[in-house]
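Novice: File follows, model21.cif with mmCIF, C-alpha atoms:
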data_run
#
loop_
_atom_site.label_atom_id
_atom_site.label_comp_id
_atom_site.auth_asym_id
_atom_site.auth_seq_id
_atom_site.Cartn_x
_atom_site.Cartn_y
_atom_site.Cartn_z
CA MET A 1 90.11 76.72 127.67
CA SER A 2 86.49 76.08 126.93
CA LYS A 3 85.39 73.05 124.94
CA ALA A 4 84.21 75.35 122.13
CA GLU A 5 87.61 77.08 121.94
CA LEU A 6 89.37 73.71 121.86
CA GLU A 7 87.11 72.50 119.05
CA GLN A 8 87.80 75.73 117.15
CA TRP A 9 91.58 75.22 117.39
CA GLU A 10 91.36 71.54 116.49
CA LYS A 11 89.24 72.39 113.45
CA ARG A 12 91.71 75.06 112.34
CA TYR A 13 94.65 72.67 112.53
CA ALA A 14 92.83 69.58 111.21
CA THR A 15 91.38 71.30 108.13
CA ASN A 16 94.48 73.32 107.26
CA THR A 17 92.43 76.54 107.20
CA TYR A 18 95.00 78.11 109.50
CA SER A 19 98.28 79.26 108.01
CA PRO A 20 100.77 79.09 110.88
CA ARG A 21 104.13 80.78 110.83
CA GLN A 22 106.84 78.31 109.83
CA LYS A 23 109.91 80.30 110.87
CA ALA A 24 110.91 80.86 114.47
CA SER A 25 109.88 84.13 116.03
CA PRO A 26 112.29 86.94 115.13
CA LEU A 27 112.50 87.61 118.88
CA VAL A 28 113.87 84.09 119.51
CA VAL A 29 116.20 84.24 116.50
CA THR A 30 117.60 87.63 117.53
CA TRP A 31 118.26 86.59 121.13
CA LEU A 32 119.54 83.06 120.47
CA HIS A 33 123.20 84.04 120.86
CA ARG A 34 122.50 85.42 124.37
CA LEU A 35 120.64 82.36 125.67
CA SER A 36 122.21 79.74 127.94
CA HIS A 37 122.15 76.22 126.53
CA GLY A 38 120.21 73.50 128.30
CA ARG A 39 116.48 72.95 128.73
CA ALA A 40 113.86 75.02 126.92
CA LEU A 41 110.07 75.19 127.12
CA GLU A 42 107.67 76.55 124.52
CA ILE A 43 104.23 77.41 125.87
CA ALA A 44 101.22 77.09 123.53
CA CYS A 45 103.56 75.90 120.80
CA GLY A 46 101.02 75.26 118.03
CA HIS A 47 103.07 73.88 115.12
CA GLY A 48 106.20 74.15 117.28
CA ARG A 49 108.16 76.65 115.23
CA ASN A 50 110.17 77.93 118.21
CA ALA A 51 110.53 74.49 119.81
CA ILE A 52 111.92 73.08 116.56
CA PHE A 53 114.28 76.04 116.14
CA LEU A 54 115.62 75.60 119.67
CA ALA A 55 116.00 71.83 119.17
CA GLU A 56 117.97 72.57 115.98
CA HIS A 57 120.33 74.62 118.14
CA GLY A 58 120.94 71.89 120.69
CA TYR A 59 118.33 72.53 123.38
CA LEU A 60 116.40 69.79 125.18
CA VAL A 61 112.90 71.05 124.45
CA ASP A 62 109.48 70.52 126.00
CA ALA A 63 106.59 72.02 124.04
CA ILE A 64 103.01 72.30 125.30
CA ASP A 65 99.79 72.87 123.36
CA ILE A 66 96.15 71.90 123.77
CA SER A 67 95.64 70.89 120.13
CA ARG A 68 96.37 67.25 119.34
CA HIS A 69 96.36 68.04 115.61
CA ALA A 70 98.91 70.84 116.02
CA LEU A 71 101.20 68.63 118.08
CA LEU A 72 100.98 65.77 115.56
CA GLN A 73 101.92 68.16 112.76
CA ALA A 74 104.77 69.61 114.85
CA GLN A 75 106.02 66.15 115.73
CA HIS A 76 105.96 65.10 112.07
CA ARG A 77 107.95 68.18 111.07
CA ALA A 78 110.51 67.67 113.87
CA THR A 79 110.91 63.98 113.01
CA SER A 80 111.43 64.80 109.33
CA LEU A 81 114.27 67.10 110.41
CA GLY A 82 115.77 64.43 112.67
CA LEU A 83 114.95 66.37 115.84
CA SER A 84 113.60 65.24 119.17
CA VAL A 85 111.12 67.40 121.10
CA ASN A 86 108.97 66.32 124.05
CA TRP A 87 105.47 67.26 122.82
CA ILE A 88 102.95 67.63 125.67
CA GLN A 89 99.20 67.89 125.07
CA ALA A 90 97.62 69.88 127.89
CA ASP A 91 95.24 72.72 128.63
CA LEU A 92 97.42 75.48 130.06
CA ASP A 93 94.40 76.92 131.85
CA GLN A 94 94.10 73.75 133.92
CA ILE A 95 97.63 72.49 134.60
CA GLU A 96 100.82 73.68 136.14
CA LEU A 97 103.96 73.72 134.08
CA PRO A 98 106.18 70.64 134.17
CA LYS A 99 108.14 70.40 137.42
CA LEU A 100 111.42 71.11 135.66
CA ILE A 101 113.74 74.08 135.58
CA TYR A 102 114.35 75.71 132.21
CA ASN A 103 117.16 77.90 130.91
CA VAL A 104 114.79 79.35 128.29
CA ILE A 105 111.01 79.72 128.22
CA VAL A 106 109.25 80.98 125.09
CA SER A 107 105.66 82.13 124.81
CA SER A 108 104.27 83.53 121.58
CA PHE A 109 100.67 84.70 121.28
CA TYR A 110 99.19 83.11 124.36
CA ARG A 111 97.59 85.06 127.21
CA ILE A 112 99.86 83.95 130.05
CA GLN A 113 98.55 86.07 132.93
CA ASN A 114 97.62 83.05 135.08
CA LEU A 115 100.88 81.27 134.25
CA ALA A 116 103.25 84.13 135.16
CA PRO A 117 104.09 82.83 138.67
CA PHE A 118 104.71 79.30 137.33
CA ILE A 119 106.90 80.65 134.54
CA VAL A 120 109.04 82.62 136.97
CA ALA A 121 109.34 79.56 139.24
CA ALA A 122 110.27 77.32 136.27
CA LEU A 123 113.12 79.57 135.11
CA SER A 124 116.61 78.64 136.25
CA PRO A 125 118.74 81.32 137.93
CA ASN A 126 119.82 83.59 135.04
CA GLY A 127 117.21 81.84 132.84
CA ILE A 128 115.57 83.93 130.14
CA LEU A 129 111.92 84.41 129.20
CA LEU A 130 111.09 85.46 125.64
CA CYS A 131 107.47 86.50 125.39
CA GLU A 132 105.39 88.19 122.73
CA ASP A 133 101.67 88.73 122.47
CA HIS A 134 99.09 90.83 120.73
CA LEU A 135 98.59 94.33 122.08
CA LEU A 136 95.39 96.33 122.11
CA SER A 137 95.25 98.51 119.02
CA PRO A 138 92.88 101.06 117.58
CA GLN A 139 94.23 100.12 114.13
CA PRO A 140 93.00 97.18 112.06
CA VAL A 141 95.61 94.42 112.50
CA ASP A 142 95.96 90.66 112.11
CA GLY A 143 95.72 88.15 114.94
CA GLN A 144 93.23 87.57 117.74
CA LEU A 145 90.61 90.25 118.06
CA GLY A 146 89.03 91.71 121.15
CA GLU A 147 90.33 92.72 124.55
CA LYS A 148 90.19 89.16 125.89
CA HIS A 149 93.04 88.15 123.58
CA ARG A 150 95.17 91.31 123.71
CA LEU A 151 97.45 92.85 126.30
CA GLN A 152 97.03 96.33 127.71
CA PRO A 153 100.00 98.66 127.17
CA GLY A 154 102.62 97.97 129.85
CA GLU A 155 100.87 94.80 131.04
CA LEU A 156 103.55 92.32 129.97
CA PRO A 157 106.49 93.80 131.93
CA ALA A 158 104.18 94.26 134.93
CA LEU A 159 103.36 90.54 134.90
CA PHE A 160 107.07 89.72 135.11
CA SER A 161 108.24 92.56 137.35
CA SER A 162 110.31 90.14 139.46
CA LEU A 163 112.51 89.45 136.42
CA ILE A 164 115.23 91.73 135.09
CA PRO A 165 114.00 93.28 131.82
CA LEU A 166 116.59 92.98 129.04
CA HIS A 167 114.36 94.22 126.22
CA TYR A 168 110.83 95.52 125.90
CA GLU A 169 108.94 96.96 122.97
CA GLU A 170 105.35 97.71 122.05
CA GLY A 171 104.02 98.75 118.71
CA LEU A 172 103.13 97.99 115.13
CA VAL A 173 105.13 95.12 113.58
CA ARG A 174 105.10 93.94 109.95
CA GLU A 175 106.35 90.37 109.49
CA ASP A 176 105.56 87.59 107.03
CA GLU A 177 102.87 89.64 105.27
CA ARG A 178 101.10 90.17 108.61
CA VAL A 179 100.53 93.42 110.44
CA ASN A 180 100.22 93.21 114.21
CA THR A 181 100.52 95.38 117.26
CA LEU A 182 102.74 93.45 119.62
CA ALA A 183 104.26 93.59 123.06
CA ARG A 184 107.63 91.81 123.22
CA LEU A 185 109.58 91.13 126.40
CA VAL A 186 112.92 89.50 127.08
CA ALA A 187 113.57 89.16 130.80
CA GLN A 188 116.03 87.29 132.97
CA LYS A 189 115.64 85.66 136.36
CA ARG A 190 118.12 86.89 138.94
CA GLY A 191 121.07 84.60 139.60
CA GLU A 192 121.62 82.96 142.97
#
Kindly transcribe the structure held in the file into C-alpha cells.
Specialist:
Amino acid sequence: MSKAELEQWEKRYATNTYSPRQKASPLVVTWLHRLSHGRALEIACGHGRNAIFLAEHGYLVDAIDISRHALLQAQHRATSLGLSVNWIQADLDQIELPKLIYNVIVSSFYRIQNLAPFIVAALSPNGILLCEDHLLSPQPVDGQLGEKHRLQPGELPALFSSLIPLHYEEGLVREDERVNTLARLVAQKRGE
C-alpha cells in the first residue's frame, strides 16, 4: 500500500469520518454452523467485526490490518466484550501471512489477488475461505470506486480454483442501508 493510501485510511479511522459496519458479514454469520472450530484469520480486518464475531464463537483469532487506528478501536471493542484477538499491524502488500494453519480465513473488501497462494497454503485440510469483495458495476453503488478496487466477473473463483467451491454469488446486494455489487465465495481446501 502506498504511503498516501495508508495516510488516507489512518485519517478515516482517526477522525471517525468513516462509518464501518459493526455486525459481522452476513456471509460469515450464515456459514458459521458449517465451519470447523480452531484457528481463524481475518485479512484487512479494519474494526475487526468478523474477528470479534469469530472470537465470540470460540475461535482463536488473528486479525491483520495496516491501520493502527483501526486496530486500536477493534482491540478496545474486543476488550470491552471480554474477548481476546491477536491484532497484527502489517501491510498485506509487503508481508506474507503468519506461518500458521487456519481452519477459517475471512477476507471482506480487500483485493487479495497477490495473497491467493498464501491464503491457500495457510488453510488447513478441509479449511474454509469466506471471501467477499466489490464487483465491477455499471450501476451507481457504495464502496470503493474504480477498476483498481473491484473484481471482474468470475475473477474470485478463478483466483481460488484449487479450492472446492461451496458457494459463489455475484450481484447487487442491499445491506445496512448500503447498495453494493459484490462477489462472494465460500471455498474449502481439499482434505488429506
Novice: Please return as a PyMOL selection string every residue within 7 Å of (115.6, 85.2, 128.5), taking into account all atoms listed in the file and the file's own coordinates.
Specialist: chain A and resi 35+104+127-130+186-188
Novice: Determine the nearest neighbour of Cys131 in chain A from the options A:Ile164, A:Val106, A:Ala40, A:Leu182, counting only C-alpha atoms.
Specialist: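 Closest to Cys131 in chain A, using only C-alpha atoms: A:Val106.
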Novice: Would you pick out the contacts of range 81-96 of chain A at 12 Å or less, using all atoms listed in the file, so that residues sharing its chain but fewer than 5 positions from it are not included, and give the list as a PyMOL selection string?
Specialist: chain A and resi 1-3+5-6+39-76+107+110-119+121-122
Novice: Could you tell me which residues the PyMOL selection byres ((chain A and resi 134) around 6) grabs in this file, written as a count of residues only?
Specialist: 5
Novice: My list of candidates is A:Asn126, A:Gly171, A:Glu132, A:Glu192. Which is closest to Pro157 in chain A when distances are computed with all atoms listed in the file?
Specialist: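 Among the listed residues, the smallest separation from Pro157 in chain A belongs to A:Glu132.
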Novice: Please, what distance in Å, to one decimal, runs between CA of Lys99 in chain A and CA of His37 in chain A?
Specialist: 18.7 Å
Novice: CA of Gly38 in chain A and CA of Val120 in chain A are how many Å apart?
Specialist: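 So the two atoms, CA of Gly38 in chain A and CA of Val120 in chain A, lie 16.8 Å apart.
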Novice: In Å, how far is it from CA of Lys23 in chain A to CA of Arg77 in chain A?
Specialist: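 Here the two named atoms are 12.3 Å from each other.
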Novice: Near Gly154 in chain A, counting only C-alpha atoms, which residues have an atom at most 10 Å away, once you skip same-chain residues fewer than 2 positions from it, shown as an NGL selection string?
Specialist: :A and (135 or 151-152 or 156-159 or 168-170 or 183)
Novice: May I ask which of the residues A:Trp31, A:Arg184, A:Leu123, A:Ile101 is the closest one to Pro153 in chain A, counting all atoms listed in the file?
Specialist: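 Checking each of A:Trp31, A:Arg184, A:Leu123, A:Ile101 against Pro153 in chain A, counting all atoms listed in the file, the winner is A:Arg184.
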